[in-house]
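First comes the structure, then the notes that go with it.
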Amino acid sequence: MQTTIPRTRIQGLNSLRIRNGSYVMYWMQQSQRLEYNHALEFAIHKANKLGQKLLVVFGLSAHYPEANLRHYTFMLQGLKETQSALSDRGIKMVIQRGCPSVIALILGADASLIVCDRGYLKHQKAWRNEVSLKAHCAVVQVESDVIVPVEIVSDKAEYAARTIRSKIKKNMDSSLVRFRHGRLKKDSLNLNVNSLDLTDIDLLLKDLNIDRSVPAVSPFLKGGTTSAKKSLKKFIRNGLPRYGRNRNQPQTDDTSQMSLYLHFGQISPLHIALQIKNADDQLQKEKETFLEELIVRRELSINFVHYNQAYDSFDCLPDWAKKTLAEHRADKREPIYTREQLENAKTHDDYWNASMKEMKYTGFMHGYMRMYWGKKILEWSDSPENAFRTALAINNKYFIDGRDPNSYAGVAWLFGLHDRAWNERPIFGKIRYMSASGLERKCDIHAYLEKVEKRIRFFQKNRTI
DNA sequence: ATCGGCTCGCGCAA
DNA sequence: TGCGCGAAGCCGAT
């Protein structure tokens with residue numbers, strides 16, 4: 001049990017001191033939860049030490065890059081729960097409408113100290129940079145979204161899972177520790193700061209001028225820590241015992257779905273990892289396989305977006321991949337589908353269409369099908385650059401967990417990132433290929449088609465938003 | 001059903 | 001400098 005936050009998670013973002021302001025402010029943005037939140041714990045600790053109140057602030061932008069009704073609904077469900085959970089602890093949380101960095105600076109003007117959590121995408125870094133440059137007090141960033149902080153693992157973009165694995169494992173035991181949740185001494189509920197009212201999320205969503213082109217998946221998937229923990233429990237009971245066998249079987253539902261909640265910081269990877277470690281001792285192998293995905297692969301994605309500035313474009317790919325795709329640029333593509341045809345699931349390939357529908361109507365797709373889905377976009381586009389753009393755009397539009405570091409690494413993987421060369425063939429060159437016959441050979445793809453059809457019928461019948 | 005070849009480059013051993 | 005091996009494969013030979 002750890003009582004203080006490890007130094008390796010804490011970074012001063014400017015050189016200013018703690019001022020004598022009205023409160024300590026935790027600018028919450030990435031880690032949208034109360035539990036296992038290192039940034040929040042650090043802020044509570046500092047507030048107690050200074051004898052001050054703690055104000056938690058969230059800036060809600062109506063124009064978050066690529067976000068639509070589906071994402072906002074899921075996020076606001078989680079924020080509503082977090083606000084009330086904090087309130088139960090005597091901590092005031094306000095949500096204000098506007099660009100997150102601007103909100104942080106406005107409310108931070110009265111703060112003694114601004115604590116923020118960490119995000120690795122370009123716009124998330126830019127927001128924190130702006131706040132650290134313009135704030136009048138110390139700005140401290142606390143990592144609470146990974147098991148091993150990125151800089152501790154490596155100081156460069158890693159080449160593949162195998163090169164990052166040992167570096168993560170070296171630091172894992174010292175990072176996989178519980179910590180005590182602190183208590184705020186000075187109740188801050190009476191702080192007089194305005195907040196958006198989250199009582200009626202639908203009403204608030206109508207008020208915000210957001211992109212409404214993609215419907216929410218509520219009430220089938222609900223955002224928030226309670227949902228996340230319920231899914232985790234269910235996974236440990238039902239999915240984990242079969243994880244080794246079924247993780248690549250898209251007709252089953254033996255996945256954890258943790259990526260949805262992790263994306264919005266509604267659950268901590270540390271919390272998940274500890275729960276998994278504590279599960280049945282008979283499941284050593286399954287646990288290892290799951291932790292490999294949760295920690296090594298997820299944190300490889302974060303390493304990628306942190307150190308590779310081109311993570312959202314074709315340029316991010318390793319040279320051998322760009323070279324081999326260029327050599328096959330003139331290969332005949334037949335058929336070629338437009339983005340519209342793809343989004344409408346109007347291809348000749350029923351397996352592919354089913355995966356597209358799963359994504360479009362349920363906001364989720366089984367991991368194994370995510371690979372097949374993307375590989376075919378490369379095969380059916382007029383150029384690899386356009387394929388990259390299309391795959392990423394559709395990914396981010398429909399997946400609840402789109403726009404995550406995992407999204408960028410996942411899309412780039414389709415084009416060779418973190419992978420190796422394979423037998424050369426048309427269009428793909430030496431990039432790994434996947435085929436419909438592979439699906440037939442390796443899983444029960446017809447059961448998957450049925451699963452998707454059934455789920456979509458259920459969704460359409462019961463949709464409320 | 002199972003196996004080997006395909007093919008690249010990092011990281012480590014020497 | 002050489003060598004082993006890898007984020008989830010394909011394909012043809014046996």
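Labeling convention for the structure tokens: chains A, B, ... as they appear, residues from 1 per chain, ligands from 1 in order of appearance.
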Distance table requested - region 227-274 of chain A against region 366-385 of chain A, cut-off 8 Å, only C-alpha atoms: one row per qualifying residue with the closest atom pair and its distance in Å to one decimal, ordered by chain and rising residue number, as JSON lines.
```
{"residue": "A:Arg247", "atom": "CA", "partner": "A:Tyr368", "partner_atom": "CA", "distance": 7.9}
{"residue": "A:Asn248", "atom": "CA", "partner": "A:Tyr368", "partner_atom": "CA", "distance": 5.4}
{"residue": "A:Gln249", "atom": "CA", "partner": "A:Tyr368", "partner_atom": "CA", "distance": 7.2}
{"residue": "A:Pro250", "atom": "CA", "partner": "A:His366", "partner_atom": "CA", "distance": 5.5}
{"residue": "A:Thr255", "atom": "CA", "partner": "A:His366", "partner_atom": "CA", "distance": 7.7}
```
Would you give me, as a short mmCIF file (atom, residue, chain, number, x, y, z; two decimals) with N, CA and C atoms (P, O5', C5', C4', C3', O3' and C1' of nucleotides), in the first residue's frame, the residues of chain C that come within 9 Å of chain A, using only C-alpha atoms (C1' of nucleotides)?
```cif
data_model
loop_
_atom_site.label_atom_id
_atom_site.label_comp_id
_atom_site.auth_asym_id
_atom_site.auth_seq_id
_atom_site.Cartn_x
_atom_site.Cartn_y
_atom_site.Cartn_z
P DG C 6 9.55 -14.84 -30.59
"O5'" DG C 6 8.63 -13.54 -30.61
"C5'" DG C 6 9.10 -12.33 -30.05
"C4'" DG C 6 8.80 -11.18 -30.99
"C3'" DG C 6 7.36 -11.16 -31.50
"O3'" DG C 6 6.96 -9.81 -31.60
"C1'" DG C 6 8.82 -11.24 -33.32
P DA C 7 6.13 -9.18 -30.45
"O5'" DA C 7 4.77 -8.78 -31.18
"C5'" DA C 7 3.65 -8.77 -30.36
"C4'" DA C 7 2.45 -9.29 -31.11
"C3'" DA C 7 2.68 -9.48 -32.60
"O3'" DA C 7 1.85 -10.54 -33.03
"C1'" DA C 7 1.08 -7.78 -32.25
P DA C 8 1.95 -11.39 -34.29
"O5'" DA C 8 0.48 -11.96 -34.46
"C5'" DA C 8 0.14 -13.16 -33.81
"C4'" DA C 8 -1.34 -13.34 -33.91
"C3'" DA C 8 -1.92 -12.94 -35.25
"O3'" DA C 8 -2.99 -13.81 -35.57
"C1'" DA C 8 -2.93 -11.67 -33.57
P DG C 9 -2.82 -14.77 -36.86
"O5'" DG C 9 -2.96 -13.62 -37.93
"C5'" DG C 9 -1.89 -13.11 -38.68
"C4'" DG C 9 -2.19 -13.21 -40.14
"C3'" DG C 9 -2.97 -14.44 -40.54
"O3'" DG C 9 -3.69 -14.17 -41.73
"C1'" DG C 9 -0.73 -14.67 -41.23
P DC C 10 -4.51 -15.30 -42.46
"O5'" DC C 10 -3.61 -15.61 -43.73
"C5'" DC C 10 -3.19 -14.53 -44.56
"C4'" DC C 10 -2.44 -15.05 -45.76
"C3'" DC C 10 -3.13 -16.22 -46.46
"O3'" DC C 10 -3.04 -16.02 -47.86
"C1'" DC C 10 -0.95 -16.86 -45.76
#
```
- request: Report as a PyMOL selection string: the residues of region 21-187 of chain A with a DSSP assignment of strand (DSSP E), based on the backbone of this structure.
  value: chain A and resi 23-27+53-60+92-97+111-116+138-142
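If you look at CA of Leu221 (chain A) and CA of Gly265 (chain A), they are 15.7 Å away from each other.
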Residues of chain B no more than 10 Å from chain A, counting only C-alpha atoms (C1' of nucleotides): send them over as a CSV table (one decimal) with C-alpha atoms (C1' of nucleotides), in the first residue's frame.
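Listing of iface-v2.csv after writing:
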```
chain,number,residue,atom,x,y,z
B,5,DG,C1',9.1,-20.5,-46.2
B,6,DC,C1',8.2,-15.9,-46.9
B,7,DT,C1',10.9,-11.3,-45.0
B,8,DC,C1',12.7,-7.1,-42.1
B,9,DG,C1',15.5,-5.0,-38.6
B,10,DC,C1',16.3,-4.4,-33.6
B,11,DG,C1',19.0,-5.7,-29.8
```
- request: Name all residues at most 7 Å from Leu317 (chain A) (count only C-alpha atoms (C1' of nucleotides); drop same-chain ones fewer than 5 positions away) and give them as an MDAnalysis selection string.
  value: chainID A and resid 322 412 416:417
Preceding selection exported with all heavy atoms as a PDB file, in the first residue's frame:
```
ATOM      1  N   LYS A 322       6.686   1.924 -45.636  1.00  0.00           N
ATOM      2  CA  LYS A 322       6.418   2.949 -46.654  1.00  0.00           C
ATOM      3  C   LYS A 322       6.995   2.518 -47.994  1.00  0.00           C
ATOM      4  O   LYS A 322       6.375   2.697 -49.042  1.00  0.00           O
ATOM      5  CB  LYS A 322       7.048   4.283 -46.230  1.00  0.00           C
ATOM      6  CG  LYS A 322       6.213   5.042 -45.220  1.00  0.00           C
ATOM      7  CD  LYS A 322       6.758   6.440 -45.020  1.00  0.00           C
ATOM      8  CE  LYS A 322       7.112   6.632 -43.568  1.00  0.00           C
ATOM      9  NZ  LYS A 322       7.600   7.941 -43.204  1.00  0.00           N
ATOM     10  N   ALA A 412      -2.232   2.247 -37.550  1.00  0.00           N
ATOM     11  CA  ALA A 412      -0.894   2.202 -38.147  1.00  0.00           C
ATOM     12  C   ALA A 412      -0.381   0.758 -38.234  1.00  0.00           C
ATOM     13  O   ALA A 412       0.356   0.411 -39.170  1.00  0.00           O
ATOM     14  CB  ALA A 412       0.075   3.069 -37.341  1.00  0.00           C
ATOM     15  N   GLY A 416       1.750  -1.806 -41.065  1.00  0.00           N
ATOM     16  CA  GLY A 416       3.097  -2.299 -40.768  1.00  0.00           C
ATOM     17  C   GLY A 416       3.756  -1.831 -39.486  1.00  0.00           C
ATOM     18  O   GLY A 416       4.806  -2.349 -39.112  1.00  0.00           O
ATOM     19  N   LEU A 417       3.151  -0.833 -38.804  1.00  0.00           N
ATOM     20  CA  LEU A 417       3.764  -0.367 -37.558  1.00  0.00           C
ATOM     21  C   LEU A 417       3.860  -1.505 -36.544  1.00  0.00           C
ATOM     22  O   LEU A 417       2.925  -2.279 -36.403  1.00  0.00           O
ATOM     23  CB  LEU A 417       2.930   0.772 -36.954  1.00  0.00           C
ATOM     24  CG  LEU A 417       3.445   1.282 -35.606  1.00  0.00           C
ATOM     25  CD1 LEU A 417       4.604   2.242 -35.796  1.00  0.00           C
ATOM     26  CD2 LEU A 417       2.346   1.924 -34.792  1.00  0.00           C
TER      27      LEU A 417
END
```
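Taking CA of Lys234 (chain A) and CA of Glu440 (chain A) as endpoints, the distance between them is 28.6 Å.
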field: Who sits within 9 Å of Thr362 (chain A), only C-alpha atoms (C1' of nucleotides), same chain under 2 positions skipped, as a PyMOL selection string
entry: chain A and resi 216-217+220-221+357-360+364-365+398-400+455-456+459
- request: DSSP on the backbone, then: every residue of region 137-305 of chain A marked alpha helix (DSSP H), written as a PyMOL selection string.
  value: chain A and resi 150-153+161-175+201-207+225-234+243-246+258-263+269-277+284-291+298-305
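Residues in contact with Lys53 (chain A) at 8 Å, where only C-alpha atoms (C1' of nucleotides) are counted and same-chain residues fewer than 6 positions away are skipped, are listed as Ser22, Tyr23, Val24, Ala47, Leu184, Lys185, Lys186, Asp187 and Ser188 of chain A.
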task: Would you mind listing what lies within 12 Å of Phe74 (chain A) as an NGL selection string, with only C-alpha atoms (C1' of nucleotides) counted and same-chain residues fewer than 6 positions away left out?
output: :A and (32 or 67-68 or 80-81 or 201-202 or 205 or 215-225 or 227-228 or 260-261 or 263-266 or 363 or 399-401 or 465)
